Structures are given as C-alpha cells and as structure tokens.
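Source file: entry-v6.cif; contents: mmCIF, C-alpha atoms and all ligand atoms.
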```cif
data_upload
#
loop_
_atom_site.label_atom_id
_atom_site.label_comp_id
_atom_site.auth_asym_id
_atom_site.auth_seq_id
_atom_site.Cartn_x
_atom_site.Cartn_y
_atom_site.Cartn_z
CA MET A 15 1.01 16.29 -4.07
CA GLU A 16 -0.66 14.57 -6.97
CA ARG A 17 -4.05 12.87 -7.05
CA THR A 18 -4.39 9.58 -8.89
CA ALA A 19 -7.12 7.73 -10.77
CA ILE A 20 -8.08 6.03 -7.50
CA PRO A 21 -10.05 8.49 -5.34
CA GLY A 22 -8.13 9.30 -2.17
CA MET A 23 -4.89 7.65 -3.35
CA LEU A 24 -2.24 10.35 -3.25
CA LEU A 25 1.30 10.65 -4.50
CA LEU A 26 3.48 12.85 -2.28
CA ARG A 27 6.78 14.28 -3.41
CA PRO A 28 8.92 15.48 -0.50
CA LYS A 29 11.98 17.43 -1.62
CA PRO A 30 15.40 16.50 -0.24
CA ILE A 31 17.78 19.40 0.49
CA ALA A 32 21.25 18.39 -0.64
CA ASP A 33 24.60 19.67 0.62
CA ASP A 34 28.13 18.32 0.62
CA ARG A 35 27.32 15.94 3.51
CA GLY A 36 24.47 14.27 1.68
CA TRP A 37 20.84 15.38 2.01
CA PHE A 38 18.08 16.16 4.46
CA MET A 39 14.39 15.50 3.95
CA ARG A 40 11.22 15.89 5.99
CA SER A 41 9.46 12.63 5.24
CA PHE A 42 6.37 13.34 7.35
CA ALA A 43 4.67 16.70 7.91
CA ALA A 44 1.38 16.40 9.81
CA ASP A 45 0.15 19.96 9.20
CA GLU A 46 0.78 19.74 5.47
CA PHE A 47 -0.39 16.17 4.92
CA ARG A 48 -3.57 16.74 6.95
CA ASP A 49 -4.57 19.37 4.37
CA TYR A 50 -4.46 16.65 1.71
CA GLY A 51 -6.94 14.54 3.71
CA ILE A 52 -4.46 12.17 5.39
CA PRO A 53 -5.60 11.50 8.98
CA CYS A 54 -2.17 12.27 10.44
CA ASP A 55 -3.30 12.14 14.07
CA ASP A 56 -4.50 8.56 13.58
CA LEU A 57 -1.25 7.12 12.23
CA VAL A 58 -0.80 4.85 15.22
CA GLU A 59 1.81 2.32 14.05
CA GLU A 60 4.85 2.46 11.80
CA ASN A 61 6.11 -0.66 10.07
CA HIS A 62 9.38 -1.37 8.33
CA SER A 63 9.95 -4.41 6.13
CA ARG A 64 12.93 -5.52 4.10
CA SER A 65 12.39 -7.42 0.88
CA HIS A 66 14.81 -9.14 -1.43
CA ARG A 67 14.66 -8.38 -5.13
CA HIS A 68 11.56 -9.77 -6.86
CA VAL A 69 9.66 -10.36 -3.60
CA VAL A 70 5.96 -9.56 -3.88
CA ARG A 71 4.04 -8.72 -0.70
CA GLY A 72 0.27 -8.43 -0.94
CA LEU A 73 -2.33 -7.84 -1.94
CA HIS A 74 -3.40 -7.02 1.61
CA PHE A 75 -6.21 -5.04 3.16
CA ARG A 76 -7.99 -4.66 6.47
CA THR A 77 -11.62 -5.76 6.40
CA ASP A 78 -13.03 -2.47 7.64
CA LEU A 79 -12.66 1.15 6.63
CA ARG A 80 -10.12 2.16 9.27
CA GLU A 81 -6.75 1.44 7.73
CA GLY A 82 -4.99 3.86 5.43
CA LYS A 83 -1.23 3.61 4.84
CA LEU A 84 1.46 6.13 4.09
CA VAL A 85 4.16 4.21 2.24
CA ARG A 86 7.74 5.18 1.44
CA VAL A 87 10.96 3.45 0.47
CA ALA A 88 13.95 4.18 2.70
CA ARG A 89 16.31 2.07 0.58
CA GLY A 90 15.95 0.41 -2.80
CA ALA A 91 13.01 0.54 -5.19
CA ILE A 92 9.57 -1.03 -5.39
CA TYR A 93 6.62 -1.13 -7.73
CA ASP A 94 3.78 -0.17 -5.42
CA VAL A 95 0.22 -1.23 -6.25
CA VAL A 96 -3.14 -0.08 -4.90
CA VAL A 97 -6.41 -1.83 -5.78
CA ASP A 98 -9.71 -0.05 -5.14
CA LEU A 99 -12.13 -2.41 -3.35
CA ARG A 100 -14.83 0.16 -2.49
CA PRO A 101 -18.02 -0.73 -4.39
CA SER A 102 -19.14 2.90 -4.53
CA SER A 103 -15.86 4.13 -6.03
CA PRO A 104 -15.69 5.12 -9.71
CA ALA A 105 -12.40 3.20 -9.74
CA PHE A 106 -13.88 0.02 -8.20
CA LEU A 107 -11.72 -3.04 -8.96
CA THR A 108 -9.13 -1.05 -10.86
CA TRP A 109 -5.51 -0.78 -9.80
CA ALA A 110 -2.78 1.85 -9.94
CA GLY A 111 0.96 1.24 -9.80
CA VAL A 112 3.81 3.61 -9.10
CA VAL A 113 7.55 3.23 -8.58
CA LEU A 114 8.78 4.34 -5.16
CA ASP A 115 12.52 4.51 -4.63
CA ASP A 116 15.35 6.04 -2.58
CA ARG A 117 16.21 8.45 -5.39
CA ASP A 118 12.91 10.35 -5.89
CA HIS A 119 11.59 9.66 -2.35
CA HIS A 120 7.97 9.73 -3.45
CA GLN A 121 5.35 8.41 -1.05
CA VAL A 122 1.91 6.89 -1.57
CA TRP A 123 -1.15 7.34 0.61
CA VAL A 124 -3.29 4.20 0.35
CA PRO A 125 -6.85 5.09 1.39
CA PRO A 126 -8.97 2.75 3.54
CA GLY A 127 -10.93 0.21 1.51
CA CYS A 128 -8.06 -0.48 -0.88
CA ALA A 129 -5.76 -3.46 -1.14
CA HIS A 130 -2.03 -2.79 -1.18
CA GLY A 131 1.00 -4.70 -2.40
CA PHE A 132 4.37 -4.22 -3.95
CA GLN A 133 7.18 -5.95 -5.80
CA ALA A 134 10.76 -5.17 -4.83
CA LEU A 135 12.79 -4.07 -7.85
CA ALA A 136 15.97 -4.32 -5.75
CA GLU A 137 16.70 -5.23 -2.13
CA SER A 138 14.40 -2.70 -0.48
CA ASP A 139 13.38 -1.27 2.87
CA VAL A 140 9.75 -0.16 2.93
CA CYS A 141 8.41 2.00 5.78
CA TYR A 142 4.74 2.77 6.27
CA ARG A 143 2.53 4.36 8.87
CA VAL A 144 -0.95 2.94 9.34
CA SER A 145 -4.12 4.51 10.70
CA ALA A 146 -5.33 1.45 12.63
CA PRO A 147 -3.51 -0.93 14.96
CA TYR A 148 -2.56 -4.31 13.55
CA SER A 149 -5.33 -6.83 14.02
CA PRO A 150 -4.69 -10.30 12.54
CA ASP A 151 -8.43 -11.08 12.71
CA LEU A 152 -9.13 -8.26 10.25
CA ASP A 153 -6.27 -9.08 7.89
CA GLY A 154 -7.63 -9.71 4.40
CA SER A 155 -5.92 -10.60 1.16
CA VAL A 156 -6.59 -11.23 -2.49
CA ALA A 157 -4.30 -13.05 -4.89
CA TRP A 158 -1.49 -10.83 -6.19
CA ASP A 159 -1.68 -12.58 -9.57
CA ASP A 160 -5.46 -12.62 -9.87
CA ARG A 161 -6.41 -12.76 -13.56
CA ASP A 162 -9.41 -10.47 -13.23
CA LEU A 163 -7.32 -7.77 -11.59
CA GLY A 164 -4.59 -8.25 -14.19
CA ILE A 165 -1.86 -6.36 -12.39
CA ASP A 166 1.12 -5.76 -14.61
CA TRP A 167 3.90 -6.72 -12.17
CA PRO A 168 7.38 -5.79 -13.40
CA ASP A 169 8.84 -9.28 -12.79
CA ARG A 170 5.86 -11.60 -12.56
CA ALA A 171 7.80 -14.74 -13.50
CA LEU A 172 10.43 -14.18 -10.80
CA ALA A 173 8.03 -13.20 -8.02
CA ARG A 174 8.81 -14.61 -4.57
CA VAL A 175 5.83 -14.67 -2.21
CA SER A 176 5.04 -15.88 1.32
CA ALA A 177 3.05 -19.08 1.83
CA ARG A 178 0.12 -16.93 2.92
CA ASP A 179 0.24 -14.79 -0.20
CA ALA A 180 0.59 -17.86 -2.42
CA SER A 181 -2.73 -19.14 -1.10
CA SER A 182 -4.71 -15.90 -1.07
CA PRO A 183 -8.23 -16.16 -2.48
CA ALA A 184 -9.10 -15.04 -5.99
CA LEU A 185 -11.02 -11.80 -6.43
CA ALA A 186 -14.08 -13.83 -7.43
CA GLU A 187 -14.04 -15.46 -3.98
CA VAL A 188 -13.90 -12.21 -1.99
CA ARG A 189 -16.02 -10.07 -4.26
CA GLY A 190 -19.29 -11.01 -2.55
CA ARG A 191 -17.92 -9.73 0.77
CA LEU A 192 -16.74 -6.31 -0.43
CA ASP A 193 -20.14 -4.67 0.17
CA GLY A 194 -20.08 -5.78 3.79
CA TRP A 195 -16.51 -4.59 4.35
CA PHE A 196 -16.31 -1.45 2.25
CA GLY A 197 -19.84 -0.65 1.10
CA ALA A 198 -20.55 2.20 3.51
CA PRO A 199 -21.85 5.30 1.65
CA ASN A 200 -18.97 7.43 3.00
CA ALA A 201 -16.30 4.94 1.87
CA VAL A 202 -15.02 7.19 -0.93
C1 LIG A 301 1.57 -6.37 8.92
C2 LIG A 301 2.01 -6.85 10.30
C3 LIG A 301 2.56 -8.10 10.47
N1 LIG A 301 2.94 -8.55 11.69
C4 LIG A 301 3.56 -9.87 11.80
C5 LIG A 301 2.73 -11.03 11.31
C6 LIG A 301 3.77 -11.99 10.78
O1 LIG A 301 4.29 -12.75 11.84
C7 LIG A 301 4.88 -11.09 10.27
C8 LIG A 301 4.83 -10.85 8.77
O2 LIG A 301 3.49 -10.49 8.43
P1 LIG A 301 3.01 -10.42 6.91
O3 LIG A 301 3.47 -11.63 6.20
O4 LIG A 301 1.54 -10.13 6.93
O5 LIG A 301 3.83 -9.15 6.41
P2 LIG A 301 3.70 -8.40 5.03
O6 LIG A 301 3.46 -9.38 3.95
O7 LIG A 301 4.86 -7.52 4.90
O8 LIG A 301 2.36 -7.57 5.24
C9 LIG A 301 2.29 -6.24 4.80
O9 LIG A 301 2.19 -6.23 3.39
C10 LIG A 301 2.04 -4.95 2.80
C11 LIG A 301 1.85 -5.14 1.32
C12 LIG A 301 0.99 -4.14 3.44
O10 LIG A 301 0.26 -3.38 2.81
C13 LIG A 301 0.94 -4.18 4.93
O11 LIG A 301 -0.22 -3.58 5.44
C14 LIG A 301 1.07 -5.58 5.45
O12 LIG A 301 -0.11 -6.32 5.16
O13 LIG A 301 4.72 -9.84 10.97
C15 LIG A 301 2.78 -7.75 12.79
O14 LIG A 301 3.13 -8.16 13.94
N2 LIG A 301 2.25 -6.50 12.66
C16 LIG A 301 1.85 -6.03 11.45
O15 LIG A 301 1.36 -4.87 11.35
#
```

In structure tokens, write the structure found in this file.
Ligand SMILES: Cc1cn([C@H]2C[C@H](O)[C@@H](COP(=O)(O)OP(=O)(O)O[C@H]3O[C@@H](C)C(=O)[C@@H](O)[C@H]3O)O2)c(=O)[nH]c1=O
Amino acid sequence: MERTAIPGMLLLRPKPIADDRGWFMRSFAADEFRDYGIPCDDLVEENHSRSHRHVVRGLHFRTDLREGKLVRVARGAIYDVVVDLRPSSPAFLTWAGVVLDDRDHHQVWVPPGCAHGFQALAESDVCYRVSAPYSPDLDGSVAWDDRDLGIDWPDRALARVSARDASSPALAEVRGRLDGWFGAPNAV
C-alpha cells in the first residue's frame, strides 16, 4: 500500500499468483484493507462500467462525506484521477492521477470529499465498491476539463463524455458550496 499526496487516497498493489493456467489474485481483503483505513464493512454497492477508448467519466462526487470508492480495472487501462475537495485538506483543489490496468492490477481508494474521474486508455472495464448507496439527489460533478483544476488528461482532444459530464459546472461555480458539503473538521 502506498499513500499519495492527497490525504486518505491510497494506492493498493495486490499481487497475482501465476501458474500455467493463468493467475489468481485476491482483489479485496477486508481485514488487510481495514488496517489502511478503508471502511470495508461499509462498502455497500459494487459497480461495473465499460468504457470505450478515450471516454472520460467524471469528475463526480457525492455531496456529503459518506462516499469513498475502491476502484480497480478488470480489463483494459485507465488514467484515474482524484481531486481533493475538502477545504481543510493540505491538498485542497489539487489532483492526483494514476494508471490502473489489467497488467499491474493496482487499485485506488478514493476518500470521501474527493471528486473522481477517469479516461479510458483502451476499451476498459472498471469495477468499484462504494461506501454509500447510490443517491441521484446527492450526485455532484465538476467539469472534467476545468481550467483551474488543469488536469493533464492523456487524450484530452479525443475525450468522449456523456451529455451530463459535458455540462458539468466549472470549479468556480461549485467552490462556494464546498464548505457546506465537505467542510466538517473531521473531513480529512
Ligand atoms: C453511478 C450510478 C449510476 N447509475 C445509473 C444512472 C444512469 O442511468 C446510469 C449511468 O450513470 P452515470 O452517467 O452517472 O455513470 P458514470 O458516469 O459511470 O458515473 C460514475 O463515474 C465515476 C467516475 C465515478 O466515480 C462513479 O462514482 C460514478 O459517478 O447508471 C446507477 O443506477 N447507480 C449508480 O451508482
């Protein structure tokens, strides 16, 4: 496990065991991951999405401090991005990006109070467990290509996004609401 510049954002590195049939890997280990601070008992839903090459999903967040996400790539490769939206964080409004793929099998823990998004570097299947049930009313987003955030997407010019993501608000528009959503003293 590796910590990152964003407090609470973790990079996990499960190790596949190869033999002549292929390989085996434990992709989730509650007792181990709990020790890193991941609330394993609260991971109440698991999602799986498939994205064509160049697709960008995000940047999405839940407008409370309940939703963390444990993200992995079952097939393909993505550039995974986390943006810290917690006003009390030393990494406030900075982002971190990491490649997740079906070769290294790394995983990312996205802590609550952060926005998450990714760009598919190939046709990719992304699986992630979340620590709060889906609630459309609490679904928040900020523009993936926001200038102030300045995320260095691998294939910005070829990005394919949903209609919703194409009309996400700029950071400047949501900034005034971050204190209300993520300003609790225990957010980091
Ligand atoms: C995320 C989600 C979507 N849906 C529905 C809503 C919609 O009809 C369809 C597709 O939803 P979206 O366009 O929001 O899917 P998507 O753009 O893949 O949203 C996801 O993006 C990544 C980056 C994340 O971090 C996730 O938390 C989630 O926000 O699936 C659910 O039923 N449950 C869910 O948990």

- [ ] Could you tell me which of A:Leu57, A:Val113, A:Leu135, A:Val124 comes closest to ligand LIG 301 (chain A) if we count only C-alpha atoms and all ligand atoms?
- [x] A:Val124

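Restricting the atom set to all atoms listed in the file, one finds that the residues within 6 Å of ligand LIG 301 (chain A) amount to Arg71, Gly72, Leu73, His74, His130, Gly131, Phe132 and Tyr148 of chain A.
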
Would you output that residue set with C-alpha atoms, as a short mmCIF file (atom, residue, chain, number, x, y, z; two decimals), keeping the file's coordinate frame?
```
data_model
loop_
_atom_site.label_atom_id
_atom_site.label_comp_id
_atom_site.auth_asym_id
_atom_site.auth_seq_id
_atom_site.Cartn_x
_atom_site.Cartn_y
_atom_site.Cartn_z
CA ARG A 71 4.04 -8.72 -0.70
CA GLY A 72 0.27 -8.43 -0.94
CA LEU A 73 -2.33 -7.84 -1.94
CA HIS A 74 -3.40 -7.02 1.61
CA HIS A 130 -2.03 -2.79 -1.18
CA GLY A 131 1.00 -4.70 -2.40
CA PHE A 132 4.37 -4.22 -3.95
CA TYR A 148 -2.56 -4.31 13.55
#
```

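Reported to one decimal place, the separation of CA of Arg86 (chain A) from CA of Ser103 (chain A) is 24.8 Å.
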
Open item on the list: Residues within 8 Å of region 44-52 of chain A, please, as a PyMOL selection string. Count all atoms listed in the file; anything in the same chain fewer than 2 positions from it doesn't count.
Closed with: chain A and resi 15+22+42+54-55+123

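Computed from the coordinates, the CA of Arg174 (chain A) to CA of Leu192 (chain A) distance equals 27.2 Å.
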
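Using all atoms listed in the file, the nearest neighbour of Ser181 (chain A) within the list A:Val87, A:Ala134, A:Ala157, A:Val140 is A:Ala157.
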
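Here the question is which of A:Asp98, A:Asp33, A:Asp139, A:Glu81 gets nearest to Leu163 (chain A) using all atoms listed in the file, and that residue is A:Asp98.
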
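Taking CA of Phe38 (chain A) as the reference point, CA of Ala88 (chain A) is found at 12.8 Å.
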
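Considering the residues A:Glu137, A:Asp179, A:Asp159, A:Glu187 and counting all atoms listed in the file, Ser63 (chain A) has its shortest atom-to-atom contact with A:Glu137.
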
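Of the residues listed (A:Gln121, A:Asn61, A:Ser155, A:Ser145), A:Ser155 shows the shortest atom-to-atom separation from Leu99 (chain A); distances use only C-alpha atoms.
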
- [ ] Compile the contact shell of Pro125 (chain A) as JSON, numbers by chain: residues with an atom at most 7 Å away, counting all atoms listed in the file, same-chain residues fewer than 5 positions apart removed.
- [x] {"A": [22, 23, 82, 83]}

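Shortest atom-to-atom contact with Val175 (chain A) among A:Val144, A:Asp116, A:Asp151, A:Val70: A:Val70, counting all atoms listed in the file.
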
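Here the residues that fall within 10 Å of (-10.4, 1.3, -3.6), using all atoms listed in the file, are given as Ile20, Pro21, Gly22, Met23, Val96, Val97, Asp98, Leu99, Arg100, Pro101, Ser102, Ser103, Pro104, Ala105, Phe106, Leu107, Thr108, Trp109, Ala110, Val124, Pro125, Pro126, Gly127, Cys128, Ala129, His130, Phe196, Ala201 and Val202 of chain A.
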